[in-house]
>>> print(open('upload-v8.txt').read())   # compact mmCIF, N, CA and C atoms
# COMPACT_ATOMS: atom_id res chain seq x y z
N MET A 1255 7.73 10.32 -8.24
CA MET A 1255 8.16 9.20 -7.44
C MET A 1255 9.49 8.71 -7.98
N ILE A 1256 10.44 8.53 -7.11
CA ILE A 1256 11.73 7.97 -7.49
C ILE A 1256 11.58 6.47 -7.62
N ILE A 1257 12.10 5.90 -8.71
CA ILE A 1257 12.01 4.46 -8.95
C ILE A 1257 13.42 3.90 -9.06
N ILE A 1258 13.70 2.88 -8.28
CA ILE A 1258 15.01 2.23 -8.29
C ILE A 1258 14.82 0.75 -8.63
N ARG A 1259 15.41 0.33 -9.73
CA ARG A 1259 15.37 -1.09 -10.11
C ARG A 1259 16.60 -1.77 -9.55
N ASN A 1260 16.38 -2.91 -8.90
CA ASN A 1260 17.50 -3.66 -8.34
C ASN A 1260 17.07 -5.10 -8.12
N LYS A 1261 18.02 -5.96 -7.83
CA LYS A 1261 17.70 -7.38 -7.65
C LYS A 1261 17.53 -7.77 -6.18
N TYR A 1262 17.63 -6.82 -5.26
CA TYR A 1262 17.56 -7.13 -3.83
C TYR A 1262 16.21 -6.79 -3.20
N LEU A 1263 15.63 -5.68 -3.60
CA LEU A 1263 14.33 -5.27 -3.07
C LEU A 1263 13.37 -5.10 -4.21
N PRO A 1264 12.17 -5.55 -4.09
CA PRO A 1264 11.59 -6.22 -2.94
C PRO A 1264 12.01 -7.68 -2.88
N PHE A 1265 11.56 -8.37 -1.84
CA PHE A 1265 11.85 -9.78 -1.68
C PHE A 1265 11.18 -10.56 -2.79
N PRO A 1266 11.72 -11.73 -3.13
CA PRO A 1266 11.09 -12.56 -4.17
C PRO A 1266 9.61 -12.80 -3.87
N GLY A 1267 8.82 -12.78 -4.93
CA GLY A 1267 7.38 -12.95 -4.78
C GLY A 1267 6.64 -11.62 -4.87
N PHE A 1268 7.33 -10.53 -4.70
CA PHE A 1268 6.75 -9.19 -4.82
C PHE A 1268 7.42 -8.48 -5.98
N SER A 1269 6.67 -7.66 -6.68
CA SER A 1269 7.24 -6.96 -7.83
C SER A 1269 7.77 -5.58 -7.47
N ALA A 1270 7.19 -4.97 -6.42
CA ALA A 1270 7.61 -3.62 -6.03
C ALA A 1270 7.33 -3.40 -4.56
N VAL A 1271 8.11 -2.50 -3.96
CA VAL A 1271 7.88 -2.09 -2.58
C VAL A 1271 8.18 -0.60 -2.48
N ASN A 1272 7.32 0.11 -1.76
CA ASN A 1272 7.45 1.55 -1.58
C ASN A 1272 8.03 1.79 -0.20
N LEU A 1273 9.24 2.28 -0.13
CA LEU A 1273 9.88 2.59 1.14
C LEU A 1273 10.15 4.09 1.21
N PHE A 1274 9.44 4.75 2.11
CA PHE A 1274 9.59 6.19 2.33
C PHE A 1274 9.38 7.00 1.05
N GLY A 1275 8.46 6.53 0.20
CA GLY A 1275 8.13 7.25 -1.02
C GLY A 1275 9.03 6.94 -2.20
N VAL A 1276 9.95 6.00 -2.03
CA VAL A 1276 10.83 5.56 -3.11
C VAL A 1276 10.38 4.16 -3.52
N LEU A 1277 10.14 3.96 -4.80
CA LEU A 1277 9.66 2.68 -5.29
C LEU A 1277 10.84 1.81 -5.72
N PHE A 1278 11.00 0.68 -5.06
CA PHE A 1278 12.02 -0.30 -5.42
C PHE A 1278 11.32 -1.42 -6.17
N CYS A 1279 11.88 -1.80 -7.33
CA CYS A 1279 11.27 -2.88 -8.09
C CYS A 1279 12.36 -3.75 -8.71
N ARG A 1280 11.98 -4.97 -9.00
CA ARG A 1280 12.89 -5.92 -9.62
C ARG A 1280 13.11 -5.52 -11.08
N PRO A 1281 14.26 -5.90 -11.65
CA PRO A 1281 14.59 -5.48 -13.01
C PRO A 1281 13.52 -5.77 -14.06
N GLY A 1282 12.82 -6.90 -14.00
CA GLY A 1282 11.83 -7.24 -15.02
C GLY A 1282 10.43 -6.73 -14.76
N THR A 1283 10.25 -5.97 -13.70
CA THR A 1283 8.90 -5.50 -13.34
C THR A 1283 8.37 -4.50 -14.35
N ARG A 1284 7.15 -4.75 -14.79
CA ARG A 1284 6.48 -3.82 -15.71
C ARG A 1284 5.76 -2.77 -14.87
N LEU A 1285 6.17 -1.54 -15.00
CA LEU A 1285 5.60 -0.45 -14.23
C LEU A 1285 4.37 0.10 -14.95
N THR A 1286 3.24 -0.48 -14.62
CA THR A 1286 1.98 -0.09 -15.24
C THR A 1286 1.40 1.13 -14.53
N PRO A 1287 0.50 1.85 -15.18
CA PRO A 1287 -0.17 2.96 -14.50
C PRO A 1287 -0.88 2.50 -13.22
N ARG A 1288 -1.44 1.29 -13.24
CA ARG A 1288 -2.10 0.74 -12.06
C ARG A 1288 -1.11 0.58 -10.91
N LEU A 1289 0.05 0.00 -11.17
CA LEU A 1289 1.06 -0.21 -10.14
C LEU A 1289 1.57 1.12 -9.59
N ILE A 1290 1.86 2.05 -10.47
CA ILE A 1290 2.34 3.37 -10.03
C ILE A 1290 1.28 4.06 -9.17
N ASN A 1291 0.01 4.00 -9.57
CA ASN A 1291 -1.06 4.62 -8.81
C ASN A 1291 -1.20 3.95 -7.44
N HIS A 1292 -1.11 2.63 -7.40
CA HIS A 1292 -1.18 1.89 -6.13
C HIS A 1292 -0.11 2.40 -5.18
N GLU A 1293 1.10 2.53 -5.67
CA GLU A 1293 2.21 2.98 -4.82
C GLU A 1293 2.10 4.46 -4.47
N ARG A 1294 1.55 5.26 -5.34
CA ARG A 1294 1.30 6.68 -5.02
C ARG A 1294 0.27 6.81 -3.90
N ILE A 1295 -0.71 5.93 -3.88
CA ILE A 1295 -1.69 5.93 -2.79
C ILE A 1295 -0.97 5.62 -1.48
N HIS A 1296 -0.06 4.66 -1.50
CA HIS A 1296 0.72 4.36 -0.28
C HIS A 1296 1.56 5.57 0.15
N THR A 1297 2.14 6.27 -0.81
CA THR A 1297 2.93 7.45 -0.46
C THR A 1297 2.05 8.50 0.23
N ALA A 1298 0.84 8.70 -0.27
CA ALA A 1298 -0.09 9.65 0.36
C ALA A 1298 -0.41 9.21 1.79
N GLN A 1299 -0.58 7.91 1.99
CA GLN A 1299 -0.85 7.38 3.33
C GLN A 1299 0.34 7.65 4.26
N MET A 1300 1.54 7.43 3.74
CA MET A 1300 2.76 7.63 4.53
C MET A 1300 2.92 9.10 4.94
N VAL A 1301 2.69 9.99 4.00
CA VAL A 1301 2.87 11.41 4.26
C VAL A 1301 1.87 11.89 5.31
N GLU A 1302 0.61 11.49 5.20
CA GLU A 1302 -0.38 11.97 6.15
C GLU A 1302 -0.19 11.39 7.55
N MET A 1303 0.38 10.21 7.67
CA MET A 1303 0.58 9.60 8.99
C MET A 1303 1.95 9.90 9.57
N GLY A 1304 2.87 10.30 8.72
CA GLY A 1304 4.27 10.35 9.12
C GLY A 1304 4.84 8.97 8.82
N PHE A 1305 5.96 8.93 8.19
CA PHE A 1305 6.49 7.66 7.69
C PHE A 1305 6.64 6.61 8.77
N ILE A 1306 7.22 6.97 9.89
CA ILE A 1306 7.47 5.98 10.95
C ILE A 1306 6.15 5.43 11.49
N PHE A 1307 5.17 6.30 11.75
CA PHE A 1307 3.88 5.84 12.27
C PHE A 1307 3.16 4.95 11.25
N PHE A 1308 3.33 5.27 9.97
CA PHE A 1308 2.75 4.42 8.92
C PHE A 1308 3.28 3.00 9.05
N TYR A 1309 4.60 2.87 9.14
CA TYR A 1309 5.19 1.54 9.20
C TYR A 1309 4.87 0.83 10.50
N ILE A 1310 4.78 1.54 11.59
CA ILE A 1310 4.39 0.92 12.87
C ILE A 1310 2.96 0.39 12.75
N TRP A 1311 2.04 1.24 12.26
CA TRP A 1311 0.64 0.82 12.11
C TRP A 1311 0.55 -0.36 11.16
N TYR A 1312 1.28 -0.31 10.05
CA TYR A 1312 1.26 -1.38 9.05
C TYR A 1312 1.65 -2.71 9.70
N LEU A 1313 2.74 -2.70 10.44
CA LEU A 1313 3.24 -3.92 11.08
C LEU A 1313 2.27 -4.43 12.15
N VAL A 1314 1.75 -3.53 12.97
CA VAL A 1314 0.80 -3.93 14.01
C VAL A 1314 -0.47 -4.50 13.37
N GLU A 1315 -0.99 -3.81 12.37
CA GLU A 1315 -2.21 -4.29 11.73
C GLU A 1315 -1.99 -5.63 11.05
N TRP A 1316 -0.87 -5.81 10.40
CA TRP A 1316 -0.55 -7.10 9.75
C TRP A 1316 -0.50 -8.21 10.80
N THR A 1317 0.12 -7.92 11.95
CA THR A 1317 0.22 -8.91 13.02
C THR A 1317 -1.16 -9.29 13.54
N VAL A 1318 -2.02 -8.31 13.75
CA VAL A 1318 -3.39 -8.57 14.21
C VAL A 1318 -4.15 -9.38 13.17
N ARG A 1319 -4.00 -9.02 11.90
CA ARG A 1319 -4.75 -9.68 10.83
C ARG A 1319 -4.30 -11.12 10.59
N LEU A 1320 -3.11 -11.47 11.07
CA LEU A 1320 -2.67 -12.87 10.95
C LEU A 1320 -3.64 -13.81 11.65
N ALA A 1321 -4.26 -13.34 12.72
CA ALA A 1321 -5.19 -14.17 13.49
C ALA A 1321 -6.61 -14.14 12.91
N CYS A 1322 -6.83 -13.32 11.90
CA CYS A 1322 -8.17 -13.18 11.33
C CYS A 1322 -8.33 -14.06 10.10
N ARG A 1323 -9.56 -14.16 9.66
CA ARG A 1323 -9.89 -14.92 8.46
C ARG A 1323 -9.30 -14.23 7.24
N GLY A 1324 -8.81 -14.97 6.28
CA GLY A 1324 -8.29 -14.41 5.04
C GLY A 1324 -6.80 -14.13 5.09
N ASN A 1325 -6.32 -13.50 4.05
CA ASN A 1325 -4.91 -13.18 3.89
C ASN A 1325 -4.57 -11.90 4.65
N ALA A 1326 -3.62 -11.97 5.58
CA ALA A 1326 -3.28 -10.82 6.42
C ALA A 1326 -2.84 -9.63 5.58
N TYR A 1327 -2.00 -9.85 4.58
CA TYR A 1327 -1.50 -8.76 3.74
C TYR A 1327 -2.65 -8.03 3.04
N PHE A 1328 -3.56 -8.77 2.42
CA PHE A 1328 -4.65 -8.15 1.68
C PHE A 1328 -5.70 -7.54 2.59
N ASN A 1329 -5.68 -7.89 3.87
CA ASN A 1329 -6.63 -7.33 4.82
C ASN A 1329 -6.12 -6.08 5.52
N ILE A 1330 -4.88 -5.71 5.31
CA ILE A 1330 -4.35 -4.48 5.90
C ILE A 1330 -5.09 -3.30 5.26
N SER A 1331 -5.55 -2.38 6.10
CA SER A 1331 -6.37 -1.27 5.59
C SER A 1331 -5.66 -0.45 4.52
N PHE A 1332 -4.36 -0.24 4.65
CA PHE A 1332 -3.61 0.51 3.64
C PHE A 1332 -3.64 -0.20 2.29
N GLU A 1333 -3.46 -1.52 2.32
CA GLU A 1333 -3.49 -2.30 1.08
C GLU A 1333 -4.88 -2.32 0.48
N ARG A 1334 -5.88 -2.43 1.32
CA ARG A 1334 -7.26 -2.47 0.83
C ARG A 1334 -7.61 -1.18 0.11
N GLU A 1335 -7.24 -0.05 0.71
CA GLU A 1335 -7.51 1.22 0.04
C GLU A 1335 -6.78 1.29 -1.30
N ALA A 1336 -5.51 0.92 -1.30
CA ALA A 1336 -4.71 1.01 -2.52
C ALA A 1336 -5.23 0.07 -3.61
N TYR A 1337 -5.54 -1.18 -3.25
CA TYR A 1337 -6.03 -2.12 -4.25
C TYR A 1337 -7.40 -1.71 -4.79
N ARG A 1338 -8.26 -1.23 -3.94
CA ARG A 1338 -9.61 -0.87 -4.40
C ARG A 1338 -9.63 0.37 -5.27
N ASN A 1339 -8.59 1.18 -5.21
CA ASN A 1339 -8.59 2.44 -5.96
C ASN A 1339 -7.45 2.57 -6.96
N GLU A 1340 -6.70 1.51 -7.16
CA GLU A 1340 -5.52 1.61 -8.03
C GLU A 1340 -5.85 1.87 -9.49
N TYR A 1341 -7.05 1.54 -9.93
CA TYR A 1341 -7.42 1.79 -11.32
C TYR A 1341 -7.99 3.19 -11.54
N ASN A 1342 -8.29 3.88 -10.47
CA ASN A 1342 -8.86 5.23 -10.56
C ASN A 1342 -7.72 6.25 -10.53
N ARG A 1343 -7.33 6.73 -11.68
CA ARG A 1343 -6.19 7.65 -11.77
C ARG A 1343 -6.46 9.00 -11.12
N LYS A 1344 -7.72 9.32 -10.90
CA LYS A 1344 -8.08 10.59 -10.26
C LYS A 1344 -8.31 10.44 -8.76
N TYR A 1345 -8.09 9.23 -8.24
CA TYR A 1345 -8.39 8.97 -6.84
C TYR A 1345 -7.66 9.92 -5.89
N LEU A 1346 -6.39 10.13 -6.12
CA LEU A 1346 -5.62 10.97 -5.20
C LEU A 1346 -6.09 12.43 -5.21
N GLU A 1347 -6.70 12.87 -6.30
CA GLU A 1347 -7.23 14.23 -6.36
C GLU A 1347 -8.47 14.39 -5.49
N GLN A 1348 -9.23 13.31 -5.34
CA GLN A 1348 -10.49 13.38 -4.58
C GLN A 1348 -10.40 12.70 -3.22
N ARG A 1349 -9.31 12.06 -2.94
CA ARG A 1349 -9.15 11.29 -1.70
C ARG A 1349 -9.17 12.20 -0.48
N LYS A 1350 -9.93 11.76 0.53
CA LYS A 1350 -9.97 12.48 1.80
C LYS A 1350 -8.83 11.96 2.68
N HIS A 1351 -8.33 12.83 3.56
CA HIS A 1351 -7.27 12.41 4.48
C HIS A 1351 -7.75 11.24 5.33
N TYR A 1352 -6.85 10.32 5.58
CA TYR A 1352 -7.12 9.13 6.39
C TYR A 1352 -8.25 8.28 5.82
N ALA A 1353 -8.34 8.25 4.50
CA ALA A 1353 -9.37 7.45 3.84
C ALA A 1353 -9.19 5.96 4.13
N TRP A 1354 -7.99 5.55 4.45
CA TRP A 1354 -7.72 4.14 4.75
C TRP A 1354 -8.48 3.69 5.99
N TRP A 1355 -8.86 4.62 6.87
CA TRP A 1355 -9.49 4.25 8.13
C TRP A 1355 -10.78 3.44 7.92
N LYS A 1356 -11.54 3.79 6.88
CA LYS A 1356 -12.81 3.08 6.66
C LYS A 1356 -12.58 1.62 6.28
N TYR A 1357 -11.36 1.27 5.87
CA TYR A 1357 -11.05 -0.11 5.50
C TYR A 1357 -10.61 -0.95 6.69
N THR A 1358 -10.54 -0.35 7.87
CA THR A 1358 -10.15 -1.12 9.07
C THR A 1358 -11.31 -1.93 9.61
N LYS A 1359 -12.53 -1.58 9.26
CA LYS A 1359 -13.70 -2.20 9.87
C LYS A 1359 -14.03 -3.59 9.35
N ASP A 1360 -14.03 -3.78 8.07
CA ASP A 1360 -14.36 -5.07 7.48
C ASP A 1360 -13.10 -5.93 7.44
N MET A 1361 -13.15 -7.10 8.05
CA MET A 1361 -11.98 -7.95 8.20
C MET A 1361 -11.78 -8.92 7.04
N THR A 1362 -12.61 -8.88 6.02
CA THR A 1362 -12.47 -9.85 4.93
C THR A 1362 -11.85 -9.16 3.72
N ALA A 1363 -10.86 -9.80 3.17
CA ALA A 1363 -10.16 -9.21 2.02
C ALA A 1363 -11.01 -9.32 0.75
N SER A 1364 -10.97 -8.28 -0.01
CA SER A 1364 -11.55 -8.31 -1.36
C SER A 1364 -10.79 -7.27 -2.17
N ARG A 1365 -10.04 -7.77 -3.11
CA ARG A 1365 -9.18 -6.89 -3.91
C ARG A 1365 -9.92 -6.22 -4.99
>>> encode(input="upload-v8.txt", output="structure tokens")
Amino acid sequence: MIIIRNKYLPFPGFSAVNLFGVLFCRPGTRLTPRLINHERIHTAQMVEMGFIFFYIWYLVEWTVRLACRGNAYFNISFEREAYRNEYNRKYLEQRKHYAWWKYTKDMTASR
């Protein structure tokens, strides 16, 4: 994974953002194995969906989740999969394609 440290991306309040498989992070961000694994899970999601479709789905799902109970960001299926498996370093080896789909059903966030 390519990592670019800069003061512009991500927006304040976030430590890192994965854009098209490139990780942008703020200069003081500590790149832990958990954070790297979380972003690698997102990269796997992007590759299997196609980058553009990933971002379209992400935006549509976030918009829908705004009207639901809980935090829209944490309720996005891609984020739920990544947060629930970020500590499992072997997750990507055993992950099934479109594993994020099972996280679309439950509308309540739990990290």
>>> select_by_dssp(input="upload-v8.txt", residues="chain A", states="helix (DSSP H, G or I)", output="ChimeraX atom specification")
/A:1287-1303,1305-1320,1326-1329,1331-1339,1345-1348,1353-1358
>>> closest_residue(input="upload-v8.txt", among="A:Asn1329, A:Gln1348, A:Thr1297, A:Asn1272", to="Glu1315 of chain A", atoms="only N, CA and C atoms")
A:Asn1329
>>> atom_distance(input="upload-v8.txt", atom1="atom N of Glu1302 of chain A", atom2="atom N of Trp1354 of chain A")
10.5 Å
>>> select_by_dssp(input="upload-v8.txt", residues="chain A", states="strand (DSSP E or B)", output="NGL selection string")
:A and (1256-1259 or 1270-1273 or 1276-1279)
>>> residues_around(input="upload-v8.txt", residues="Thr1283 of chain A", least_positions_apart="2", cutoff="8 Å", atoms="all atoms listed in the file", output="ChimeraX atom specification")
/A:1259,1269-1270,1279-1281,1285-1286
>>> residues_near_point(input="upload-v8.txt", point="(7.2, 3.2, 4.5)", cutoff="6.5 Å", atoms="only N, CA and C atoms", output="ChimeraX atom specification")
/A:1272-1275,1300,1305,1308-1309
>>> atom_distance(input="upload-v8.txt", atom1="atom C of Leu1263 of chain A", atom2="atom N of Arg1343 of chain A")
25.0 Å
>>> residues_around(input="upload-v8.txt", residues="Thr1317 of chain A", least_positions_apart="6", cutoff="12 Å", atoms="only C-alpha atoms", output="PDB file with N, CA and C atoms, in the coordinates of the input")
ATOM      1  N   ILE A1310       4.780   1.540  11.590  1.00  0.00           N
ATOM      2  CA  ILE A1310       4.390   0.920  12.870  1.00  0.00           C
ATOM      3  C   ILE A1310       2.960   0.390  12.750  1.00  0.00           C
ATOM      4  N   TRP A1311       2.040   1.240  12.260  1.00  0.00           N
ATOM      5  CA  TRP A1311       0.640   0.820  12.110  1.00  0.00           C
ATOM      6  C   TRP A1311       0.550  -0.360  11.160  1.00  0.00           C
ATOM      7  N   ASN A1325      -6.320 -13.500   4.050  1.00  0.00           N
ATOM      8  CA  ASN A1325      -4.910 -13.180   3.890  1.00  0.00           C
ATOM      9  C   ASN A1325      -4.570 -11.900   4.650  1.00  0.00           C
ATOM     10  N   ALA A1326      -3.620 -11.970   5.580  1.00  0.00           N
ATOM     11  CA  ALA A1326      -3.280 -10.820   6.420  1.00  0.00           C
ATOM     12  C   ALA A1326      -2.840  -9.630   5.580  1.00  0.00           C
ATOM     13  N   TYR A1327      -2.000  -9.850   4.580  1.00  0.00           N
ATOM     14  CA  TYR A1327      -1.500  -8.760   3.740  1.00  0.00           C
ATOM     15  C   TYR A1327      -2.650  -8.030   3.040  1.00  0.00           C
ATOM     16  N   ASN A1329      -5.680  -7.890   3.870  1.00  0.00           N
ATOM     17  CA  ASN A1329      -6.630  -7.330   4.820  1.00  0.00           C
ATOM     18  C   ASN A1329      -6.120  -6.080   5.520  1.00  0.00           C
ATOM     19  N   ILE A1330      -4.880  -5.710   5.310  1.00  0.00           N
ATOM     20  CA  ILE A1330      -4.350  -4.480   5.900  1.00  0.00           C
ATOM     21  C   ILE A1330      -5.090  -3.300   5.260  1.00  0.00           C
TER      22      ILE A1330
END
>>> residues_near_point(input="upload-v8.txt", point="(-9.2, 0.6, 3.5)", cutoff="8 Å", atoms="only C-alpha atoms", output="list in words")
Ile1330, Ser1331, Phe1332, Glu1333, Arg1334, Glu1335, Ala1336, Ala1353, Trp1354, Trp1355, Lys1356, Tyr1357 and Thr1358 of chain A
>>> axis_aligned_box(input="upload-v8.txt", around="segment 1335-1351 of chain A", padding_each_side="6 Å", output="lines of an AutoDock Vina configuration file")
center_x = -7.6
center_y = 6.1
center_z = -3.2
size_x = 17.8
size_y = 28.5
size_z = 29.1
>>> atom_distance(input="upload-v8.txt", atom1="atom CA of Lys1261 of chain A", atom2="atom N of Arg1284 of chain A")
13.0 Å
>>> decode(input="upload-v8.txt", residues="segment 1258-1269 of chain A", atoms="all heavy atoms", output="short mmCIF file (atom, residue, chain, number, x, y, z; two decimals), in the first residue's frame")
data_model
loop_
_atom_site.label_atom_id
_atom_site.label_comp_id
_atom_site.auth_asym_id
_atom_site.auth_seq_id
_atom_site.Cartn_x
_atom_site.Cartn_y
_atom_site.Cartn_z
N ILE A 1258 0.93 8.21 1.78
CA ILE A 1258 1.33 9.59 1.56
C ILE A 1258 0.92 10.42 2.78
O ILE A 1258 -0.26 10.51 3.10
CB ILE A 1258 0.70 10.17 0.28
CG1 ILE A 1258 1.15 9.37 -0.93
CG2 ILE A 1258 1.03 11.65 0.14
CD1 ILE A 1258 0.49 9.77 -2.23
N ARG A 1259 1.91 11.00 3.44
CA ARG A 1259 1.63 11.89 4.57
C ARG A 1259 1.54 13.32 4.06
O ARG A 1259 2.40 13.77 3.31
CB ARG A 1259 2.73 11.78 5.62
CG ARG A 1259 2.75 10.45 6.34
CD ARG A 1259 3.81 10.46 7.45
NE ARG A 1259 3.86 9.18 8.12
CZ ARG A 1259 3.14 8.87 9.18
NH1 ARG A 1259 2.30 9.74 9.68
NH2 ARG A 1259 3.25 7.68 9.74
N ASN A 1260 0.48 14.00 4.47
CA ASN A 1260 0.31 15.39 4.05
C ASN A 1260 -0.64 16.09 5.02
O ASN A 1260 -1.30 15.44 5.82
CB ASN A 1260 -0.21 15.45 2.61
CG ASN A 1260 -1.63 14.99 2.50
OD1 ASN A 1260 -2.54 15.80 2.62
ND2 ASN A 1260 -1.85 13.69 2.28
N LYS A 1261 -0.73 17.40 4.92
CA LYS A 1261 -1.58 18.15 5.84
C LYS A 1261 -2.95 18.47 5.26
O LYS A 1261 -3.76 19.10 5.91
CB LYS A 1261 -0.88 19.43 6.29
CG LYS A 1261 -0.55 20.39 5.17
CD LYS A 1261 0.19 21.60 5.70
CE LYS A 1261 0.52 22.54 4.56
NZ LYS A 1261 1.20 23.72 5.03
N TYR A 1262 -3.25 18.00 4.05
CA TYR A 1262 -4.52 18.33 3.40
C TYR A 1262 -5.54 17.21 3.45
O TYR A 1262 -6.74 17.45 3.59
CB TYR A 1262 -4.27 18.73 1.94
CG TYR A 1262 -3.28 19.85 1.82
CD1 TYR A 1262 -1.99 19.63 1.35
CD2 TYR A 1262 -3.62 21.14 2.20
CE1 TYR A 1262 -1.08 20.65 1.26
CE2 TYR A 1262 -2.71 22.18 2.12
CZ TYR A 1262 -1.43 21.92 1.65
OH TYR A 1262 -0.53 22.94 1.57
N LEU A 1263 -5.09 15.98 3.28
CA LEU A 1263 -5.98 14.82 3.32
C LEU A 1263 -5.50 13.87 4.39
O LEU A 1263 -4.30 13.61 4.47
CB LEU A 1263 -5.98 14.09 1.98
CG LEU A 1263 -6.71 14.74 0.83
CD1 LEU A 1263 -6.50 13.95 -0.45
CD2 LEU A 1263 -8.20 14.86 1.12
N PRO A 1264 -6.36 13.33 5.18
CA PRO A 1264 -7.81 13.50 5.16
C PRO A 1264 -8.21 14.80 5.83
O PRO A 1264 -7.39 15.51 6.39
CB PRO A 1264 -8.31 12.30 5.95
CG PRO A 1264 -7.23 12.06 6.94
CD PRO A 1264 -5.95 12.38 6.22
N PHE A 1265 -9.51 15.07 5.83
CA PHE A 1265 -10.04 16.26 6.47
C PHE A 1265 -9.82 16.17 7.97
O PHE A 1265 -9.72 15.07 8.52
CB PHE A 1265 -11.53 16.42 6.16
CG PHE A 1265 -11.81 16.58 4.69
CD1 PHE A 1265 -12.59 15.66 4.02
CD2 PHE A 1265 -11.27 17.64 3.98
CE1 PHE A 1265 -12.86 15.80 2.67
CE2 PHE A 1265 -11.52 17.78 2.63
CZ PHE A 1265 -12.31 16.87 1.97
N PRO A 1266 -9.74 17.31 8.64
CA PRO A 1266 -9.56 17.30 10.10
C PRO A 1266 -10.62 16.42 10.78
O PRO A 1266 -11.77 16.39 10.36
CB PRO A 1266 -9.73 18.77 10.48
CG PRO A 1266 -9.32 19.52 9.25
CD PRO A 1266 -9.80 18.68 8.10
N GLY A 1267 -10.19 15.71 11.80
CA GLY A 1267 -11.07 14.80 12.51
C GLY A 1267 -10.86 13.35 12.09
O GLY A 1267 -11.29 12.44 12.78
N PHE A 1268 -10.22 13.14 10.97
CA PHE A 1268 -9.90 11.79 10.50
C PHE A 1268 -8.38 11.65 10.46
O PHE A 1268 -7.67 12.62 10.17
CB PHE A 1268 -10.48 11.55 9.10
CG PHE A 1268 -11.98 11.53 9.07
CD1 PHE A 1268 -12.69 12.68 8.82
CD2 PHE A 1268 -12.66 10.36 9.33
CE1 PHE A 1268 -14.07 12.68 8.81
CE2 PHE A 1268 -14.05 10.34 9.32
CZ PHE A 1268 -14.76 11.51 9.06
N SER A 1269 -7.89 10.46 10.73
CA SER A 1269 -6.44 10.27 10.73
C SER A 1269 -5.93 9.76 9.40
O SER A 1269 -4.79 10.00 9.03
CB SER A 1269 -6.03 9.31 11.85
OG SER A 1269 -6.71 8.09 11.71
#
